[in-house]
>>> print(open('model38.cif').read())   # mmCIF, C-alpha atoms
data_upload
loop_
_atom_site.label_atom_id
_atom_site.label_comp_id
_atom_site.auth_asym_id
_atom_site.auth_seq_id
_atom_site.Cartn_x
_atom_site.Cartn_y
_atom_site.Cartn_z
CA MET A 19 68.21 -12.20 -11.06
CA SER A 20 71.94 -12.02 -10.47
CA ARG A 21 72.33 -8.69 -12.22
CA PHE A 22 69.99 -7.09 -9.68
CA HIS A 23 72.14 -8.12 -6.73
CA PRO A 24 73.71 -4.97 -5.32
CA THR A 25 77.40 -4.53 -4.74
CA ARG A 26 78.71 -2.64 -1.75
CA PRO A 27 79.15 1.09 -2.47
CA GLN A 28 82.72 2.19 -1.76
CA VAL A 29 82.27 5.92 -1.14
CA GLU A 30 79.09 6.76 0.74
CA PRO A 31 79.08 6.74 4.56
CA GLU A 32 76.99 4.17 6.42
CA ARG A 33 74.51 6.75 7.69
CA GLY A 34 71.42 6.46 5.54
CA ALA A 35 72.55 9.63 3.78
CA HIS A 36 70.16 11.83 1.81
CA THR A 37 70.90 14.18 -1.00
CA LEU A 38 69.30 17.41 -2.07
CA ASP A 39 70.98 17.05 -5.46
CA VAL A 40 69.32 15.31 -8.37
CA VAL A 41 70.94 11.99 -9.28
CA GLU A 42 70.49 10.47 -12.72
CA GLY A 43 69.89 6.74 -12.95
CA THR A 44 69.09 4.08 -15.56
CA VAL A 45 66.38 1.46 -15.09
CA VAL A 46 68.00 -1.98 -15.32
CA GLY A 47 65.08 -4.18 -14.37
CA VAL A 48 61.60 -4.54 -12.89
CA HIS A 49 60.92 -7.37 -10.46
CA GLY A 50 57.49 -7.58 -8.83
CA THR A 51 56.80 -4.19 -7.26
CA ASP A 52 60.45 -3.07 -7.31
CA VAL A 53 62.25 -1.11 -10.01
CA PHE A 54 66.05 -1.51 -9.95
CA VAL A 55 68.18 1.44 -11.01
CA GLU A 56 71.87 1.74 -11.93
CA LEU A 57 73.22 4.98 -10.42
CA GLY A 58 76.86 4.55 -11.36
CA PRO A 59 79.72 2.07 -11.07
CA ARG A 60 78.89 -0.41 -8.29
CA LYS A 61 76.05 1.80 -7.10
CA GLN A 62 72.48 0.52 -7.41
CA GLY A 63 69.14 1.61 -6.06
CA VAL A 64 65.53 0.50 -5.88
CA ILE A 65 62.23 2.38 -6.08
CA SER A 66 58.62 1.26 -5.85
CA LEU A 67 56.83 0.62 -9.13
CA ALA A 68 53.89 2.63 -7.75
CA SER A 69 56.04 5.78 -7.89
CA PHE A 70 55.68 5.84 -11.68
CA ASP A 71 52.57 6.92 -13.56
CA ASP A 72 53.56 4.53 -16.35
CA PRO A 73 55.69 1.40 -15.95
CA PRO A 74 59.34 2.21 -16.71
CA ARG A 75 61.22 0.21 -19.32
CA VAL A 76 64.75 -1.13 -19.10
CA GLY A 77 67.13 1.55 -20.38
CA GLU A 78 64.96 4.52 -19.37
CA VAL A 79 66.79 7.34 -17.61
CA HIS A 80 65.13 9.19 -14.73
CA GLN A 81 66.17 11.64 -12.03
CA PHE A 82 66.13 10.51 -8.42
CA THR A 83 66.93 11.61 -4.89
CA LEU A 84 68.55 9.29 -2.35
CA ARG A 85 66.67 8.70 0.89
CA GLY A 86 68.91 6.22 2.63
CA ARG A 87 70.44 2.80 2.12
CA GLU A 88 69.17 -0.55 3.32
CA ASP A 89 70.71 -3.96 2.63
CA GLU A 90 73.36 -2.20 0.52
CA LEU A 91 70.78 -0.81 -1.91
CA TRP A 92 69.94 2.89 -2.13
CA MET A 93 66.27 3.64 -1.47
CA LEU A 94 65.12 6.13 -4.12
CA ASN A 95 62.42 8.69 -4.77
CA LEU A 96 61.63 10.42 -7.99
CA HIS A 97 63.10 13.89 -7.56
CA ASN A 98 59.70 15.63 -7.45
CA GLN A 99 58.17 13.41 -4.76
CA ARG A 100 57.16 14.75 -1.35
CA THR A 101 60.00 13.10 0.59
CA LEU A 102 62.42 15.69 -0.76
CA SER A 103 60.34 18.60 0.49
CA GLU A 104 60.07 16.97 3.94
CA TRP A 105 63.86 16.62 4.00
CA GLU A 106 64.30 20.28 3.09
CA GLU A 107 61.88 21.32 5.87
CA LEU A 108 64.07 19.89 8.65
CA GLU A 109 65.43 22.73 10.75
CA PRO A 110 68.20 22.82 13.37
CA GLY A 111 66.70 23.32 16.81
CA SER A 112 63.38 21.68 16.01
CA LEU A 113 62.01 18.87 18.17
CA THR A 114 60.48 15.94 16.38
CA THR A 115 59.67 12.26 16.78
CA ALA A 116 61.98 9.70 15.16
CA ARG A 117 61.96 5.92 15.02
CA VAL A 118 65.21 4.09 15.77
CA LEU A 119 65.97 1.61 12.99
CA THR A 120 69.43 0.11 13.33
CA LYS A 121 72.82 0.44 15.01
CA THR A 122 76.00 1.21 13.10
CA HIS A 123 79.57 1.06 14.37
CA ASP A 124 79.33 4.58 15.82
CA GLY A 125 75.63 5.44 16.19
CA PHE A 126 71.99 4.87 15.32
CA GLN A 127 70.13 5.23 12.05
CA LEU A 128 66.65 6.72 12.52
CA LYS A 129 63.64 7.71 10.47
CA ILE A 130 61.71 10.98 10.77
CA GLY A 131 58.62 10.16 8.74
CA PRO A 132 60.06 8.96 5.42
CA VAL A 133 63.37 10.77 6.03
CA TYR A 134 66.50 9.17 7.50
CA ALA A 135 68.70 10.71 10.19
CA TYR A 136 71.81 9.79 12.19
CA MET A 137 72.43 9.93 15.94
CA PRO A 138 75.92 9.26 17.36
CA TYR A 139 76.05 7.05 20.43
CA SER A 140 77.39 10.03 22.40
CA LEU A 141 74.13 11.91 21.72
CA SER A 142 71.78 9.00 22.45
CA GLY A 143 71.57 9.51 26.21
CA VAL A 144 72.47 5.85 26.75
CA ARG A 145 75.57 5.53 28.89
CA LYS A 146 76.32 1.81 28.75
CA PRO A 147 76.94 0.09 25.39
CA ARG A 148 74.98 -2.98 26.50
CA ASP A 149 71.85 -0.82 26.91
CA ARG A 150 71.87 0.60 23.39
CA GLY A 151 69.76 -2.19 21.96
CA ALA A 152 66.82 -1.07 24.10
CA LEU A 153 66.30 1.90 21.76
CA LEU A 154 65.88 -0.22 18.62
CA GLY A 155 62.37 -0.05 17.21
CA ARG A 156 61.30 2.71 19.60
CA SER A 157 59.87 6.11 18.66
CA ILE A 158 61.77 8.81 20.55
CA VAL A 159 61.76 12.59 20.70
CA VAL A 160 64.95 14.12 19.31
CA GLU A 161 66.31 17.56 18.60
CA VAL A 162 67.62 18.29 15.11
CA LEU A 163 71.17 19.56 15.62
CA GLU A 164 72.47 19.81 12.11
CA VAL A 165 71.21 19.67 8.55
CA ASP A 166 74.35 19.39 6.45
CA ALA A 167 73.60 20.00 2.77
CA ASP A 168 77.22 19.33 1.77
CA LYS A 169 77.51 15.97 3.51
CA GLN A 170 73.80 15.30 2.83
CA ARG A 171 72.76 14.19 6.29
CA ALA A 172 70.88 15.26 9.40
CA ILE A 173 72.24 14.74 12.89
CA VAL A 174 69.85 14.49 15.83
CA SER A 175 70.18 14.21 19.60
CA ARG A 176 68.09 12.45 22.23
CA LYS A 177 70.49 13.61 24.93
CA ALA A 178 69.53 17.25 24.32
CA VAL A 179 65.85 16.42 24.80
CA LEU A 180 66.54 14.49 28.02
CA LYS A 181 68.45 17.50 29.30
CA LEU A 182 65.49 19.78 28.56
CA GLN A 183 63.13 17.40 30.31
CA LYS A 184 65.38 17.20 33.34
CA ALA A 185 65.53 20.99 33.56
CA GLY A 186 61.75 21.10 33.41
CA ALA A 187 59.68 22.34 30.50
CA ALA A 188 58.05 25.74 30.65
CA PRO A 189 54.45 25.70 31.93
CA GLY A 190 52.10 24.96 29.08
CA ALA A 191 54.95 23.95 26.76
CA VAL A 192 54.05 21.81 23.76
CA VAL A 193 56.38 18.89 23.01
CA PRO A 194 56.41 16.21 20.29
CA GLY A 195 54.41 13.13 21.17
CA GLN A 196 51.98 15.08 23.35
CA THR A 197 48.22 14.82 22.75
CA VAL A 198 46.58 18.25 22.62
CA GLN A 199 43.07 19.58 22.11
CA GLY A 200 42.17 22.64 20.07
CA ARG A 201 39.63 24.29 17.85
CA VAL A 202 39.79 24.40 14.04
CA THR A 203 40.23 28.03 12.98
CA ARG A 204 41.12 27.79 9.31
CA ILE A 205 40.90 25.22 6.52
CA GLU A 206 43.20 25.40 3.50
CA PRO A 207 43.65 22.99 0.58
CA TYR A 208 46.95 21.85 2.10
CA GLY A 209 45.79 21.39 5.70
CA VAL A 210 43.97 22.54 8.83
CA PHE A 211 44.99 25.20 11.37
CA VAL A 212 44.13 24.50 15.00
CA ARG A 213 44.21 27.03 17.87
CA LEU A 214 45.77 25.45 20.94
CA GLY A 215 45.36 28.30 23.45
CA ARG A 216 47.92 30.73 24.88
CA GLY A 217 48.20 32.29 21.44
CA ARG A 218 49.54 29.10 19.86
CA GLU A 219 48.38 27.61 16.59
CA GLY A 220 49.33 24.35 14.93
CA LEU A 221 49.01 23.00 11.39
CA CYS A 222 47.82 19.53 10.48
CA HIS A 223 48.94 18.83 6.92
CA ILE A 224 46.41 17.09 4.66
CA THR A 225 48.54 13.92 4.67
CA ASN A 226 48.20 13.69 8.48
CA LEU A 227 44.42 14.15 8.66
CA SER A 228 43.41 10.55 8.04
CA ALA A 229 44.88 7.17 7.19
CA ASP A 230 42.55 7.17 4.20
CA ARG A 231 43.08 9.38 1.16
CA VAL A 232 41.69 12.91 1.65
CA GLU A 233 40.71 15.03 -1.34
CA HIS A 234 40.11 18.20 0.70
CA PRO A 235 40.53 18.90 4.45
CA GLY A 236 36.98 20.26 4.54
CA ASP A 237 35.77 16.70 3.99
CA VAL A 238 37.23 15.70 7.38
CA VAL A 239 36.67 18.65 9.75
CA ARG A 240 34.67 21.89 10.02
CA ILE A 241 35.68 25.36 11.21
CA GLY A 242 34.94 25.66 14.93
CA GLU A 243 35.15 21.93 15.56
CA VAL A 244 37.05 20.81 18.67
CA VAL A 245 39.65 18.18 17.78
CA ASP A 246 42.35 16.08 19.44
CA ALA A 247 45.76 15.84 17.77
CA ARG A 248 49.26 14.48 18.31
CA VAL A 249 52.14 16.99 18.31
CA LEU A 250 54.55 15.86 15.58
CA TYR A 251 57.20 18.57 15.76
CA VAL A 252 57.95 21.95 17.34
CA ARG A 253 60.06 24.44 15.41
CA ALA A 254 61.17 28.06 15.47
CA GLY A 255 61.19 28.20 19.26
CA GLY A 256 57.63 26.89 19.50
CA ARG A 257 56.15 29.22 16.89
CA ARG A 258 55.64 26.42 14.36
CA ILE A 259 53.80 23.36 15.59
CA GLY A 260 53.03 20.35 13.40
CA LEU A 261 49.98 18.27 14.30
CA GLY A 262 48.62 14.90 13.28
CA PHE A 263 45.08 13.57 13.58
CA LYS A 264 45.72 10.12 12.16
CA GLN A 265 48.61 9.54 14.58
CA LEU A 266 46.06 9.13 17.39
CA LEU A 267 44.57 6.15 15.57
CA GLU A 268 46.07 2.73 15.10
CA SER A 269 48.42 2.65 12.15
CA PRO A 270 46.98 0.68 9.22
CA TRP A 271 50.36 -1.07 8.98
CA VAL A 272 49.99 -2.36 12.54
CA ARG A 273 46.56 -3.71 11.64
CA LEU A 274 47.97 -5.26 8.45
CA GLU A 275 50.62 -7.13 10.43
CA ARG A 276 48.07 -8.33 12.97
CA GLU A 277 45.21 -9.39 10.68
CA HIS A 278 46.77 -10.22 7.31
CA TRP A 279 49.61 -12.24 5.87
CA GLU A 280 51.32 -12.92 2.55
CA GLY A 281 49.38 -15.54 0.57
CA GLN A 282 46.02 -14.65 2.13
CA ILE A 283 43.01 -14.22 -0.18
CA VAL A 284 41.25 -10.93 0.59
CA SER A 285 38.54 -8.68 -0.83
CA VAL A 286 39.86 -5.45 -2.37
CA GLY A 287 38.49 -2.52 -4.31
CA ILE A 288 40.21 -0.93 -7.30
CA VAL A 289 40.94 2.78 -6.69
CA ARG A 290 43.33 3.55 -9.54
CA VAL A 291 44.09 2.02 -12.92
CA GLY A 292 47.05 2.69 -15.20
CA ARG A 293 49.37 1.06 -17.67
CA PHE A 294 51.57 -0.11 -14.78
CA GLY A 295 48.64 -2.14 -13.39
CA ALA A 296 46.30 -0.91 -10.68
CA VAL A 297 46.09 0.23 -7.06
CA ALA A 298 43.78 -1.79 -4.80
CA ARG A 299 42.36 -0.82 -1.39
CA LEU A 300 42.07 -3.42 1.38
CA PHE A 301 40.79 -0.99 4.03
CA ALA A 302 41.25 2.66 4.98
CA GLY A 303 44.93 3.53 4.72
CA ALA A 304 45.93 0.15 3.25
CA GLU A 305 46.33 0.57 -0.50
CA GLY A 306 48.69 -1.57 -2.51
CA ILE A 307 49.89 -2.01 -6.04
CA LEU A 308 48.50 -4.68 -8.35
CA PRO A 309 51.27 -5.13 -10.95
CA MET A 310 50.37 -5.83 -14.57
CA SER A 311 52.21 -9.14 -14.35
CA GLU A 312 49.86 -10.28 -11.55
CA CYS A 313 46.58 -9.37 -13.27
CA GLY A 314 46.23 -12.50 -15.40
CA ASP A 315 43.56 -12.02 -18.07
CA ARG A 316 42.20 -8.91 -16.31
CA CYS A 317 44.99 -6.60 -17.39
CA PRO A 318 44.14 -2.88 -17.32
CA PRO A 319 42.73 -0.82 -18.70
CA ALA A 320 40.15 -3.13 -20.35
CA GLY A 321 40.08 -5.83 -17.64
CA LEU A 322 39.83 -3.59 -14.56
CA SER A 323 37.91 -0.44 -13.70
CA ILE A 324 37.89 1.91 -10.73
CA GLY A 325 35.30 0.68 -8.24
CA ASP A 326 35.64 -3.02 -9.11
CA GLN A 327 35.37 -5.30 -6.08
CA LEU A 328 37.28 -8.56 -6.40
CA SER A 329 39.38 -11.12 -4.59
CA ALA A 330 43.17 -10.95 -4.57
CA ARG A 331 46.12 -12.70 -2.98
CA VAL A 332 48.36 -10.67 -0.68
CA LEU A 333 51.67 -10.74 -2.52
CA GLU A 334 53.80 -8.58 -0.19
CA ILE A 335 53.45 -6.76 3.13
CA ASP A 336 56.39 -4.54 4.10
CA PRO A 337 55.47 -2.26 7.04
CA GLU A 338 59.01 -0.89 7.21
CA GLU A 339 58.80 0.58 3.72
CA GLN A 340 55.00 0.82 3.84
CA ARG A 341 54.61 -1.32 0.76
CA LEU A 342 51.68 -3.57 -0.03
CA ALA A 343 51.15 -5.62 -3.18
CA PHE A 344 48.42 -7.91 -4.48
CA SER A 345 47.95 -10.56 -7.17
CA LEU A 346 44.86 -11.80 -9.00
CA LEU A 347 46.54 -15.18 -9.39
CA HIS A 348 47.09 -18.09 -7.04
CA ALA A 349 50.69 -19.09 -6.40
CA ASN A 350 50.27 -21.83 -9.03
CA GLY A 351 49.25 -19.25 -11.65
CA GLN A 352 45.53 -20.07 -11.63
CA PRO A 353 43.12 -17.09 -11.63
CA ILE A 354 41.42 -16.18 -8.38
CA ALA A 355 37.61 -16.18 -8.59
CA PRO A 356 36.13 -12.70 -7.96
CA ASP A 357 34.04 -13.95 -5.00
CA GLU A 358 36.67 -16.29 -3.56
CA ALA A 359 37.49 -14.16 -0.50
CA GLU A 360 33.80 -13.93 0.36
CA CYS A 361 33.41 -17.70 0.01
CA ILE A 362 36.38 -18.28 2.33
CA ALA A 363 34.89 -15.97 4.94
CA ASP A 364 31.47 -17.62 4.68
CA PHE A 365 32.98 -21.06 4.84
CA GLY A 366 34.92 -20.14 7.97
CA THR A 367 31.65 -19.15 9.61
CA ILE A 368 29.97 -22.40 8.53
CA ARG A 369 32.86 -24.54 9.79
CA SER A 370 32.47 -23.00 13.25
CA LEU A 371 28.87 -24.19 13.58
CA PRO A 372 28.72 -27.15 16.01
CA ALA A 373 26.40 -29.15 13.73
CA LEU A 374 28.82 -28.99 10.79
CA LYS A 375 32.20 -28.71 12.49
CA ASP A 376 33.11 -32.38 12.00
CA LEU A 377 31.72 -32.71 8.49
CA LEU A 378 34.34 -30.68 6.62
CA PRO A 379 37.78 -32.20 7.26
CA GLU A 380 38.80 -31.78 3.63
CA ALA A 381 38.86 -27.99 3.89
CA GLY A 382 41.66 -28.11 6.45
CA ALA A 383 43.11 -24.70 6.95
CA ALA A 384 41.65 -23.19 3.77
CA SER A 385 39.47 -20.78 5.67
CA GLU A 386 42.41 -19.86 7.89
CA HIS A 387 45.06 -19.32 5.24
CA GLY A 388 43.16 -18.51 2.06
CA GLY A 389 45.03 -20.98 -0.16
CA GLY A 390 44.15 -22.37 -3.57
CA ALA A 391 41.94 -25.02 -1.95
CA SER A 392 39.33 -22.32 -1.50
CA THR A 393 38.12 -22.90 -5.06
CA ASN A 394 36.77 -26.30 -3.90
CA LEU A 395 34.93 -25.07 -0.82
CA GLY A 396 31.52 -25.27 -2.43
CA SER A 397 31.92 -28.87 -3.59
CA VAL A 398 33.37 -29.93 -0.22
CA LEU A 399 30.41 -28.40 1.57
CA ARG A 400 27.89 -29.98 -0.79
CA ARG A 401 29.43 -33.45 -0.40
CA ALA A 402 29.48 -33.09 3.36
CA LEU A 403 25.85 -32.02 3.51
CA ASP A 404 24.80 -34.74 1.04
CA GLY A 405 26.54 -37.36 3.14
CA LYS A 406 24.78 -36.15 6.25
CA SER A 407 21.43 -36.27 4.47
CA ASP A 408 22.09 -39.83 3.22
CA GLY A 409 22.98 -40.86 6.74
CA HIS A 410 19.68 -39.54 8.04
CA ARG A 411 17.75 -41.33 5.30
CA GLY A 412 19.55 -44.60 6.05
#
>>> encode(input="model38.cif", output="structure tokens")
Amino acid sequence: MSRFHPTRPQVEPERGAHTLDVVEGTVVGVHGTDVFVELGPRKQGVISLASFDDPPRVGEVHQFTLRGREDELWMLNLHNQRTLSEWEELEPGSLTTARVLTKTHDGFQLKIGPVYAYMPYSLSGVRKPRDRGALLGRSIVVEVLEVDADKQRAIVSRKAVLKLQKAGAAPGAVVPGQTVQGRVTRIEPYGVFVRLGRGREGLCHITNLSADRVEHPGDVVRIGEVVDARVLYVRAGGRRIGLGFKQLLESPWVRLEREHWEGQIVSVGIVRVGRFGAVARLFAGAEGILPMSECGDRCPPAGLSIGDQLSARVLEIDPEEQRLAFSLLHANGQPIAPDEAECIADFGTIRSLPALKDLLPEAGAASEHGGGASTNLGSVLRRALDGKSDGHRG
């Protein structure tokens, strides 16, 4: 594992920089759901295994774009992935919503969707240094001031937005973060156009229609339908408005953090199979990779098929990077029974019944944490019920 440990880059600024140029890198290792890439002397990056149609091999050379640095590793995308196009679409003067990630020595690092940006402290609208921490983790409206292709970074300002708000927005103005209502006027393969009144029209891209995967926008809405949407950005002096339907719903990553945990045994459905492994769906919007190394004797393509319903262990939940991974093996390497998650759920219901609550001490927290003990739930229940029956007969 030591060769995967990154070393501190000596050249790049600490600003989550992006690049519009294509960077060539060599795969140096695959660990779990991460692929480690050598980009040059003392410069390493990491990319999700799910980004590849086929699992990369050590020594393969691919082309990447940088999308920021975390924990001294460059976060990568394959050069033809959508993140690059979203980076190129940023425009000076546009208002958009960004999430504040971290503080640096001279400013904040933020995220606009999957894209990183930088905001100097002087443009944050926070006067006192001790108050800067209050912005961390918050989603704020910012104005894009600069998109510097040479230095490969975007600079944004919250102060400019606060100034606009203080001056008072124009009547009927549309601003990021606002919930609006409109009527669907046009449906295209790439998204839905919504008339907002006063001659304004917004576009909801197909990726913002639903947390679940959408094959065609016509499967979600109809022409003439009245819809509610969240304003994501305003560009070109208000002539270009980006909308989101799914942003009005709870994020699947918030639900994941609340209801699930690493090590839990859950029911999943297989939605994609490849030589890298498979992609499994926990619920709408929560799809994760099932690496080949975690499939046991059910390795694709022969062992798994699209539509299979089975039990899996949650291997990784990373809301920050929106990564989810599963395993068909217990932590001790034993295979997980296909109906194990269902048995755990049923057993949890049985344990809650007053008549049986004190009969099943052996199960402990199995129904609460989905551990390997779940394979013995049936025998524990049978012994408990048999003992109760013997007691009645005696």
>>> closest_residue(input="model38.cif", among="A:Arg216, A:Arg299, A:Arg156, A:Arg331", to="A:Ala355", atoms="all atoms listed in the file")
A:Arg331
>>> residues_near_point(input="model38.cif", point="(39.1, 2.5, -7.3)", cutoff="8 Å", atoms="all atoms listed in the file", output="list in words")
Gly287, Ile288, Val289, Arg290, Val291, Val297, Ala298, Arg299, Ser323, Ile324, Gly325 and Asp326 of chain A
>>> closest_residue(input="model38.cif", among="A:Gly77, A:Glu233, A:Pro337, A:Val198", to="A:Arg273", atoms="all atoms listed in the file")
A:Pro337
>>> residues_around(input="model38.cif", residues="A:Val284", least_positions_apart="5", cutoff="6 Å", atoms="all atoms listed in the file", output="PyMOL selection string")
chain A and resi 329-330+359
>>> atom_distance(input="model38.cif", atom1="atom CA of A:Ile335", atom2="atom CA of A:Glu280")
6.5 Å
>>> resolve_selection(input="model38.cif", expression="the PyMOL selection byres ((chain A and resi 202) around 6)", output="list in words")
Arg201, Thr203, Arg204, Phe211, Val212, Ile241, Gly242 and Glu243 of chain A
>>> atom_distance(input="model38.cif", atom1="atom CA of A:Ile224", atom2="atom CA of A:Asp246")
15.4 Å
>>> decode(input="model38.cif", residues="stretch 250-262 of chain A", atoms="N, CA and C atoms", output="short mmCIF file (atom, residue, chain, number, x, y, z; two decimals), in the first residue's frame")
data_model
loop_
_atom_site.label_atom_id
_atom_site.label_comp_id
_atom_site.auth_asym_id
_atom_site.auth_seq_id
_atom_site.Cartn_x
_atom_site.Cartn_y
_atom_site.Cartn_z
N LEU A 250 -31.17 26.82 -10.20
CA LEU A 250 -29.79 26.40 -9.94
C LEU A 250 -28.79 27.48 -10.31
N TYR A 251 -29.03 28.19 -11.40
CA TYR A 251 -28.13 29.26 -11.81
C TYR A 251 -28.89 30.25 -12.70
N VAL A 252 -28.36 31.46 -12.78
CA VAL A 252 -28.90 32.50 -13.66
C VAL A 252 -27.73 33.09 -14.42
N ARG A 253 -27.79 33.06 -15.73
CA ARG A 253 -26.68 33.52 -16.57
C ARG A 253 -27.18 34.48 -17.63
N ALA A 254 -26.19 35.10 -18.29
CA ALA A 254 -26.48 36.00 -19.41
C ALA A 254 -27.51 37.05 -19.03
N GLY A 255 -27.34 37.67 -17.86
CA GLY A 255 -28.25 38.71 -17.43
C GLY A 255 -29.67 38.25 -17.20
N GLY A 256 -29.83 36.98 -16.86
CA GLY A 256 -31.17 36.44 -16.58
C GLY A 256 -31.82 35.76 -17.77
N ARG A 257 -31.12 35.73 -18.91
CA ARG A 257 -31.70 35.11 -20.11
C ARG A 257 -31.53 33.60 -20.11
N ARG A 258 -30.60 33.09 -19.33
CA ARG A 258 -30.40 31.64 -19.24
C ARG A 258 -30.58 31.21 -17.79
N ILE A 259 -31.59 30.41 -17.57
CA ILE A 259 -31.94 29.98 -16.22
C ILE A 259 -31.88 28.45 -16.14
N GLY A 260 -31.08 27.94 -15.22
CA GLY A 260 -30.99 26.50 -15.02
C GLY A 260 -31.89 26.06 -13.88
N LEU A 261 -32.65 25.01 -14.11
CA LEU A 261 -33.61 24.52 -13.12
C LEU A 261 -33.29 23.10 -12.69
N GLY A 262 -33.79 22.74 -11.52
CA GLY A 262 -33.64 21.37 -11.04
C GLY A 262 -34.92 20.89 -10.38
#
